[in-house]
Each structure stands twice: as C-alpha cells, then as structure tokens.
$ cat coords-v5.txt   # compact mmCIF, C-alpha atoms
# COMPACT_ATOMS: atom_id res chain seq x y z
CA MET S 1 18.57 -27.75 -22.85
CA ILE S 2 20.81 -24.73 -22.84
CA ASN S 3 23.94 -25.07 -20.72
CA LYS S 4 24.00 -24.71 -16.99
CA GLY S 5 26.04 -21.54 -16.65
CA LEU S 6 23.53 -19.50 -18.62
CA TYR S 7 20.75 -20.70 -16.33
CA ILE S 8 22.71 -19.68 -13.25
CA ILE S 9 23.50 -16.24 -14.68
CA PHE S 10 19.86 -15.65 -15.57
CA SER S 11 18.71 -16.84 -12.14
CA ILE S 12 21.06 -14.41 -10.43
CA LEU S 13 19.81 -11.61 -12.69
CA ILE S 14 16.19 -12.50 -11.86
CA PHE S 15 17.07 -12.41 -8.15
CA ILE S 16 18.75 -8.98 -8.42
CA PHE S 17 15.92 -7.44 -10.44
CA SER S 18 13.25 -8.91 -8.15
CA ILE S 19 14.96 -7.29 -5.18
CA LEU S 20 15.13 -3.98 -7.09
CA THR S 21 11.43 -4.29 -7.96
CA VAL S 22 10.43 -4.65 -4.34
CA PHE S 23 12.94 -2.34 -2.65
CA HIS S 24 13.54 0.55 -5.05
CA LYS S 25 12.32 3.88 -3.75
CA ASP S 26 11.37 5.21 -7.19
CA LEU S 27 8.27 3.53 -8.62
CA MET S 28 9.36 4.20 -12.21
CA LYS S 29 12.57 2.25 -11.73
CA SER S 30 10.67 -0.41 -9.82
CA ALA S 31 8.36 -0.92 -12.80
CA LEU S 32 11.33 -1.05 -15.17
CA SER S 33 13.00 -3.74 -13.03
CA LEU S 34 9.72 -5.65 -13.16
CA ALA S 35 10.02 -5.48 -16.96
CA CYS S 36 13.51 -6.98 -16.71
CA VAL S 37 12.25 -9.81 -14.49
CA LEU S 38 9.45 -10.62 -16.94
CA PHE S 39 11.90 -10.56 -19.85
CA LEU S 40 14.24 -13.01 -18.13
CA THR S 41 11.28 -15.27 -17.30
CA ALA S 42 10.43 -15.26 -21.00
CA PHE S 43 13.95 -16.57 -21.61
CA PHE S 44 13.20 -19.46 -19.28
CA TYR S 45 9.98 -20.26 -21.13
CA ILE S 46 11.72 -20.27 -24.49
CA SER S 47 14.49 -22.51 -23.18
CA PHE S 48 11.83 -24.95 -21.93
CA GLY S 49 10.59 -25.24 -25.50
CA PHE S 50 7.46 -23.11 -25.02
CA GLU S 51 8.28 -20.50 -27.64
CA PHE S 52 4.73 -19.27 -28.05
CA LEU S 53 4.39 -18.72 -24.30
CA GLY S 54 7.70 -16.86 -24.19
CA TRP S 55 6.82 -14.46 -26.98
CA THR S 56 3.36 -13.94 -25.53
CA GLN S 57 5.01 -13.08 -22.26
CA ILE S 58 7.21 -10.48 -23.96
CA LEU S 59 4.39 -9.00 -26.04
CA LEU S 60 1.68 -8.93 -23.38
CA TYR S 61 3.62 -8.47 -20.16
CA VAL S 62 6.60 -6.37 -21.17
CA GLY S 63 4.87 -4.58 -24.02
CA GLY S 64 1.42 -4.19 -22.50
CA ILE S 65 1.27 -4.39 -18.74
CA VAL S 66 4.55 -2.68 -17.90
CA VAL S 67 3.74 0.17 -20.29
CA LEU S 68 0.34 0.48 -18.58
CA ILE S 69 2.06 0.58 -15.18
CA LEU S 70 4.46 3.29 -16.40
CA PHE S 71 1.53 5.31 -17.79
CA VAL S 72 -0.33 5.20 -14.48
CA VAL S 73 2.82 6.03 -12.49
CA MET S 74 3.35 9.07 -14.70
CA LEU S 75 -0.32 10.11 -14.72
CA ALA S 76 -0.64 9.89 -10.96
CA LYS S 77 2.19 12.37 -10.55
CA GLU S 78 2.49 11.70 -6.85
CA TYR S 79 5.54 9.47 -7.08
CA VAL S 80 7.55 10.71 -10.05
CA GLY S 81 11.02 11.51 -8.77
CA LYS S 82 9.93 11.30 -5.17
CA PRO S 83 11.09 8.47 -2.93
CA ILE S 84 8.50 6.46 -1.03
CA GLU S 85 9.38 5.23 2.39
CA SER S 86 7.68 2.67 4.58
CA GLY S 87 8.05 2.38 8.33
CA MET S 88 10.58 0.15 10.04
CA ARG S 89 7.89 -1.78 11.92
CA ARG S 90 6.12 -2.61 8.67
CA ILE S 91 9.36 -3.79 7.05
CA PHE S 92 10.13 -5.93 10.11
CA LEU S 93 6.71 -7.65 10.15
CA GLY S 94 6.62 -8.10 6.37
CA GLY S 95 10.12 -9.55 6.45
CA ILE S 96 9.12 -12.08 9.08
CA VAL S 97 6.00 -13.19 7.19
CA SER S 98 7.74 -13.48 3.82
CA ALA S 99 10.72 -15.28 5.41
CA ILE S 100 8.35 -17.84 6.94
CA ILE S 101 6.69 -18.39 3.56
CA PHE S 102 10.07 -18.68 1.83
CA ILE S 103 11.45 -21.18 4.34
CA PHE S 104 8.30 -23.29 4.06
CA LEU S 105 8.49 -23.31 0.25
CA LEU S 106 12.20 -24.11 0.33
CA TRP S 107 11.60 -27.00 2.74
CA VAL S 108 8.86 -28.43 0.51
CA ILE S 109 11.06 -28.11 -2.60
CA VAL S 110 14.11 -29.71 -1.00
CA VAL S 111 12.21 -32.58 0.63
CA THR S 112 10.12 -33.60 -2.39
CA GLU S 113 11.56 -36.16 -4.81
CA PHE S 114 10.97 -35.03 -8.37
CA PRO S 115 11.26 -37.41 -11.33
CA GLU S 116 14.03 -36.84 -13.85
CA ILE S 117 13.35 -34.30 -16.58
CA GLU S 118 12.02 -36.18 -19.56
CA THR S 119 13.32 -35.52 -23.01
CA PHE S 120 11.02 -33.07 -24.65
CA GLN S 121 9.49 -34.66 -27.67
CA GLU S 122 8.93 -32.17 -30.44
CA THR S 123 5.25 -32.59 -31.06
CA GLN S 124 3.63 -31.27 -34.17
CA LYS S 125 0.46 -30.76 -32.16
CA SER S 126 -0.02 -27.03 -32.11
CA ILE S 127 -1.30 -24.99 -29.21
CA SER S 128 -4.41 -23.93 -31.12
CA ASP S 129 -5.33 -27.59 -31.65
CA LEU S 130 -4.93 -28.17 -27.94
CA ILE S 131 -7.08 -25.21 -27.01
CA PHE S 132 -9.85 -25.60 -29.55
CA LYS S 133 -10.11 -29.38 -29.87
CA THR S 134 -9.69 -30.58 -26.30
CA ASP S 135 -10.99 -29.72 -22.86
CA TYR S 136 -9.46 -26.25 -22.81
CA LEU S 137 -12.23 -24.76 -24.96
CA LEU S 138 -14.56 -23.94 -22.05
CA PRO S 139 -11.90 -22.08 -20.02
CA PHE S 140 -10.96 -20.19 -23.17
CA GLU S 141 -14.53 -19.01 -23.73
CA ILE S 142 -14.98 -18.06 -20.07
CA LEU S 143 -11.70 -16.14 -20.30
CA SER S 144 -12.93 -14.16 -23.29
CA LEU S 145 -16.06 -13.22 -21.31
CA LEU S 146 -13.82 -12.13 -18.43
CA LEU S 147 -11.74 -9.97 -20.79
CA LEU S 148 -14.90 -8.33 -22.11
CA ALA S 149 -16.13 -7.65 -18.57
CA ALA S 150 -12.74 -6.18 -17.62
CA LEU S 151 -12.85 -3.94 -20.72
CA PHE S 152 -16.27 -2.55 -19.79
CA GLY S 153 -15.31 -2.27 -16.13
CA GLY S 154 -12.15 -0.32 -16.92
CA ILE S 155 -14.01 2.10 -19.18
CA VAL S 156 -16.87 2.64 -16.72
CA ILE S 157 -14.56 3.22 -13.75
CA ALA S 158 -12.02 5.50 -15.39
CA ARG S 159 -14.25 7.69 -17.59
CA ARG S 160 -14.82 11.31 -16.73
CA GLU S 161 -18.17 12.30 -15.31
CA MET M 1 19.99 -27.03 -13.36
CA GLY M 2 17.08 -29.34 -12.75
CA ILE M 3 13.56 -28.45 -11.80
CA LYS M 4 14.56 -27.72 -8.21
CA GLY M 5 16.66 -24.73 -9.19
CA ILE M 6 13.81 -23.21 -11.16
CA LEU M 7 11.38 -23.87 -8.31
CA ILE M 8 13.76 -22.19 -5.86
CA ILE M 9 14.06 -19.11 -8.10
CA SER M 10 10.29 -19.03 -8.32
CA ALA M 11 9.96 -19.34 -4.53
CA ILE M 12 12.37 -16.41 -4.11
CA MET M 13 10.28 -14.33 -6.50
CA PHE M 14 7.07 -15.27 -4.69
CA SER M 15 8.32 -14.39 -1.22
CA LEU M 16 9.78 -11.11 -2.46
CA GLY M 17 6.33 -10.37 -3.91
CA VAL M 18 4.70 -11.12 -0.56
CA PHE M 19 7.20 -8.80 1.10
CA GLY M 20 6.37 -6.05 -1.40
CA VAL M 21 2.62 -6.43 -0.89
CA LEU M 22 3.04 -6.22 2.89
CA THR M 23 5.48 -3.29 2.98
CA ARG M 24 4.63 -0.95 0.09
CA LYS M 25 2.51 2.06 0.97
CA SER M 26 1.32 3.01 -2.50
CA ALA M 27 -1.34 0.95 -4.23
CA LEU M 28 0.74 1.03 -7.41
CA GLY M 29 3.67 -0.61 -5.64
CA ILE M 30 1.35 -3.28 -4.25
CA LEU M 31 0.09 -4.09 -7.75
CA ILE M 32 3.67 -4.32 -9.07
CA ALA M 33 4.51 -6.79 -6.30
CA ILE M 34 1.39 -8.81 -7.16
CA GLU M 35 2.68 -9.00 -10.75
CA LEU M 36 5.88 -10.54 -9.40
CA MET M 37 3.85 -13.22 -7.58
CA PHE M 38 1.79 -13.97 -10.69
CA ASN M 39 4.98 -14.35 -12.68
CA SER M 40 6.44 -16.86 -10.25
CA ALA M 41 3.24 -18.95 -10.37
CA ASN M 42 3.35 -19.01 -14.18
CA LEU M 43 7.01 -20.02 -14.10
CA ASN M 44 6.11 -22.95 -11.85
CA PHE M 45 3.40 -24.13 -14.25
CA ALA M 46 5.83 -23.98 -17.17
CA ALA M 47 8.57 -25.77 -15.23
CA PHE M 48 6.29 -28.67 -14.33
CA GLY M 49 5.05 -28.85 -17.91
CA ARG M 50 8.69 -29.08 -18.98
CA MET M 51 9.37 -31.77 -16.39
CA LEU M 52 6.54 -33.95 -17.66
CA GLY M 53 7.55 -33.29 -21.25
CA LYS M 54 4.16 -31.97 -22.34
CA ILE M 55 3.25 -28.95 -24.42
CA GLU M 56 0.12 -28.60 -22.24
CA GLY M 57 2.33 -26.93 -19.66
CA SER M 58 2.29 -23.76 -21.72
CA ILE M 59 -1.50 -23.40 -21.85
CA PHE M 60 -2.18 -22.70 -18.22
CA PRO M 61 0.38 -19.85 -18.08
CA LEU M 62 -1.30 -18.39 -21.16
CA PHE M 63 -4.62 -18.31 -19.31
CA GLY M 64 -2.81 -16.89 -16.30
CA ILE M 65 -1.34 -14.08 -18.37
CA ALA M 66 -4.79 -13.21 -19.75
CA ILE M 67 -6.28 -13.11 -16.24
CA THR M 68 -3.42 -10.85 -15.14
CA VAL M 69 -4.25 -8.47 -17.96
CA CYS M 70 -7.84 -8.20 -16.69
CA GLU M 71 -6.69 -7.67 -13.12
CA VAL M 72 -4.19 -4.99 -14.07
CA ALA M 73 -6.64 -3.11 -16.30
CA VAL M 74 -9.37 -2.93 -13.66
CA GLY M 75 -6.90 -2.33 -10.83
CA PHE M 76 -5.24 0.59 -12.53
CA ALA M 77 -8.61 2.05 -13.53
CA ILE M 78 -9.55 1.99 -9.84
CA ILE M 79 -6.21 3.53 -8.79
CA PHE M 80 -6.50 6.25 -11.42
CA TYR M 81 -10.06 7.10 -10.33
CA LEU M 82 -8.87 7.14 -6.72
CA TYR M 83 -6.12 9.58 -7.64
CA ARG M 84 -8.60 11.86 -9.41
CA ILE M 85 -11.07 12.12 -6.58
CA ARG M 86 -8.70 11.82 -3.61
CA LYS M 87 -5.35 13.12 -4.95
CA THR M 88 -3.53 10.22 -3.34
CA THR M 89 -2.81 6.59 -4.09
CA LYS M 90 -1.44 5.62 -0.70
CA ALA M 91 -3.26 2.48 0.31
CA ASP M 92 -3.45 3.27 4.00
CA GLU M 93 -4.84 6.76 3.56
CA VAL M 94 -7.88 5.51 1.66
CA ASP M 95 -9.74 3.85 4.46
CA ILE M 96 -13.22 5.32 4.06
CA LEU M 97 -15.58 4.31 1.31
CA LYS M 98 -17.36 7.65 0.84
CA GLY M 99 -15.97 9.69 -2.06
$ encode --input "coords-v5.txt" --output "structure tokens"
Amino acid sequence: MINKGLYIIFSILIFIFSILTVFHKDLMKSALSLACVLFLTAFFYISFGFEFLGWTQILLYVGGIVVLILFVVMLAKEYVGKPIESGMRRIFLGGIVSAIIFIFLLWVIVVTEFPEIETFQETQKSISDLIFKTDYLLPFEILSLLLLAALFGGIVIARRE
Amino acid sequence: MGIKGILIISAIMFSLGVFGVLTRKSALGILIAIELMFNSANLNFAAFGRMLGKIEGSIFPLFGIAITVCEVAVGFAIIFYLYRIRKTTKADEVDILKG
C-alpha cells in the first residue's frame, strides 16, 4: 500500500473537487471538476492493485464521458458563461435530505466491524480469464447487447428529422 | 487509511451527488451529479474487493462503467433533442410531454 499521507491528501482533493462539481455556478467548470474527481478515483483504483480498472476509468470516464459532457454543454449554448442559480428553498430541502443520507451512511460505516485488509496476493489470473471462463460471461454478453441498444437509441433520438 | 476512510470518502461523494440531483435546475447538472454517485458506488466495490484480497473486485466496477456509458449516451441524446425542440434544458420547465 502507498503511504498514509498520500491517501489523506487525495481524499481531501476528492472532497474539494466534489464540492466544486456540485456547487459551481458554471457548468463547464463543474464538468471539469468532475473530471478531476474521476482522475483521483483512478488513483485509488491503481493503488488498490486494480491497474486495468484504473486505466479504464481514465480512458472511458475522463477521456470519453467528460468530453461528451463538455460537448453537450457547449452545444446547448444556454449555460456557457452564464451562472445558474437555484432557489434557497430547494437548497434547504436538498441539504436536509442529503445530510440525512450522509449521517445514516456514516453511522453504518462507523458501527460495522470490518475485517483487517488482507495482503493482496499477486495473482497471475488475468481479468479476461475471469470474465470469459467463469460466471461473468453472461453479464458481459448482456452488457454488449445493452451497449448496442444504447448506440441505436442515441442515434435515433439525436438525428435530425 | 483502512477501508473505513475510503468508505467515508465514498459516502461524502454519494451525498454530495444526492444534493446535486435535488438542487440543480439544469438537466445537464443533474446528470453530472449522477455521475458522481456512480463513481462513489464503483469506488465502494473496488474497496471491498481490495479488502477481501480478490481481483474479482475490479470486474463489477468495469461493468458499472460500461452501464454508465450507455446511460450518459442516451441521456445526453435526450437532452440535446430537448434543447433543439424546446430551446431549454431546465428540468423544471419541461413538464409537458407534447413537443
């Protein structure tokens, strides 16, 4: 495991960028802070030993989804450079609901006894073997069907008449 | 930092995402907040996989990422179409179904 201080620094950075993602008035900067959050999460994955997952996160999330978000924000010109405001009543109610959820989650996390982190044995078993030779094959195939359906759906919805 | 620290970070991300979904007016902002929630769920899966010392913990987040890609593609297609026909993407101004 990488040392503790680095984890704490990255956690604080994730916290700051999550707050910027939710609270920033400019949607462009909000999407860019989301990219930072996803990047830092990829660091966590890589430090857990899931390198493939971490690089997939960077390639697909930061390279694909955030770029898509930025494209749509720029194409729907409504928000570029203009602040968006939401009413005080809405912020109040949303704050109460999310605070209740957060306190509940925190309570569950603090109360539960987790086992010690086991030493990560470096297995030679690759992820492709796991997906294609064990029970994960059926979800994989269903997922490819879902991707195909989403492809067709996106084209049909967004094409010009 | 044990698993509890990572779970707490993930809980913070999740509740901030809930806050964003409830308070943002634009549909784009709502989708960005949903991305934050997805990310915290994936981080939890990976953290528990790390705790149990199994490489299987990285497979479920992979599936989660692929499902997020589908959701984002269709969601943004809908938002873009909405902007073309209605000239707005504010979620609370689009409350009738007729185009």
$ residues_around --input "coords-v5.txt" --residues "region 128-136 of chain S" --least-positions-apart "3" --cutoff "9 Å" --atoms "only C-alpha atoms" --output "list in words"
Lys125, Pro139, Phe140 and Glu141 of chain S; Ile55, Glu56 and Ile59 of chain M
$ residues_around --input "coords-v5.txt" --residues "region 16-26 of chain S" --least-positions-apart "2" --cutoff "6 Å" --atoms "all atoms listed in the file" --output "PyMOL selection string"
(chain S and resi 13-14+28-30+33-34+37+83-84) or (chain M and resi 20)
$ atom_distance --input "coords-v5.txt" --atom1 "CA of Ser11 (chain S)" --atom2 "CA of Ile9 (chain M)"
6.6 Å
$ atom_distance --input "coords-v5.txt" --atom1 "CA of Arg24 (chain M)" --atom2 "CA of Ile109 (chain S)"
28.0 Å
$ interface_residues --input "coords-v5.txt" --of "chain S" --to "chain M" --cutoff "6 Å" --atoms "all atoms listed in the file" --output "list in words"
Lys4, Val22, Phe48, Arg90, Ile91, Gly94, Ser98, Phe102, Ile117, Glu118, Phe120, Leu147, Ala150, Gly154 and Ala158 of chain S
$ atom_distance --input "coords-v5.txt" --atom1 "CA of Leu59 (chain S)" --atom2 "CA of Phe44 (chain S)"
15.3 Å
$ decode --input "coords-v5.txt" --residues "region 24-42 of chain M" --atoms "N, CA, C and O atoms" --output "compact mmCIF listing (two decimals), in the first residue's frame"
# COMPACT_ATOMS: atom_id res chain seq x y z
N ARG M 24 -29.92 21.01 -8.49
CA ARG M 24 -29.62 21.58 -9.80
C ARG M 24 -30.90 21.78 -10.61
O ARG M 24 -31.81 20.96 -10.55
N LYS M 25 -30.92 22.88 -11.37
CA LYS M 25 -32.09 23.14 -12.20
C LYS M 25 -31.92 22.56 -13.60
O LYS M 25 -32.87 22.15 -14.22
N SER M 26 -30.68 22.55 -14.11
CA SER M 26 -30.50 22.09 -15.48
C SER M 26 -30.33 20.58 -15.50
O SER M 26 -29.75 19.99 -14.59
N ALA M 27 -30.87 19.96 -16.56
CA ALA M 27 -30.77 18.51 -16.67
C ALA M 27 -29.32 18.07 -16.79
O ALA M 27 -28.95 16.99 -16.32
N LEU M 28 -28.48 18.91 -17.41
CA LEU M 28 -27.06 18.57 -17.53
C LEU M 28 -26.41 18.48 -16.16
O LEU M 28 -25.64 17.55 -15.88
N GLY M 29 -26.72 19.43 -15.29
CA GLY M 29 -26.15 19.40 -13.94
C GLY M 29 -26.61 18.18 -13.17
O GLY M 29 -25.83 17.58 -12.42
N ILE M 30 -27.86 17.78 -13.38
CA ILE M 30 -28.37 16.58 -12.71
C ILE M 30 -27.59 15.36 -13.17
O ILE M 30 -27.20 14.50 -12.36
N LEU M 31 -27.33 15.26 -14.49
CA LEU M 31 -26.58 14.10 -14.98
C LEU M 31 -25.16 14.09 -14.44
O LEU M 31 -24.61 13.03 -14.12
N ILE M 32 -24.54 15.28 -14.31
CA ILE M 32 -23.17 15.33 -13.75
C ILE M 32 -23.18 14.83 -12.31
O ILE M 32 -22.30 14.07 -11.89
N ALA M 33 -24.21 15.23 -11.54
CA ALA M 33 -24.28 14.77 -10.15
C ALA M 33 -24.50 13.26 -10.10
O ALA M 33 -23.97 12.58 -9.21
N ILE M 34 -25.29 12.72 -11.06
CA ILE M 34 -25.50 11.27 -11.08
C ILE M 34 -24.18 10.56 -11.35
O ILE M 34 -23.90 9.49 -10.78
N GLU M 35 -23.33 11.15 -12.20
CA GLU M 35 -22.01 10.57 -12.44
C GLU M 35 -21.22 10.46 -11.14
O GLU M 35 -20.54 9.46 -10.89
N LEU M 36 -21.32 11.50 -10.31
CA LEU M 36 -20.62 11.48 -9.02
C LEU M 36 -21.09 10.30 -8.16
O LEU M 36 -20.28 9.59 -7.55
N MET M 37 -22.42 10.05 -8.17
CA MET M 37 -22.95 8.94 -7.37
C MET M 37 -22.48 7.60 -7.91
O MET M 37 -22.09 6.70 -7.14
N PHE M 38 -22.49 7.46 -9.24
CA PHE M 38 -21.99 6.23 -9.86
C PHE M 38 -20.55 5.97 -9.45
O PHE M 38 -20.15 4.84 -9.13
N ASN M 39 -19.75 7.05 -9.46
CA ASN M 39 -18.34 6.91 -9.15
C ASN M 39 -18.14 6.43 -7.72
O ASN M 39 -17.29 5.58 -7.46
N SER M 40 -18.95 6.95 -6.80
CA SER M 40 -18.78 6.52 -5.41
C SER M 40 -19.17 5.06 -5.25
O SER M 40 -18.52 4.32 -4.50
N ALA M 41 -20.20 4.60 -5.98
CA ALA M 41 -20.57 3.18 -5.90
C ALA M 41 -19.45 2.30 -6.42
O ALA M 41 -19.10 1.28 -5.80
N ASN M 42 -18.83 2.70 -7.54
CA ASN M 42 -17.73 1.91 -8.08
C ASN M 42 -16.55 1.87 -7.13
O ASN M 42 -15.89 0.83 -6.98
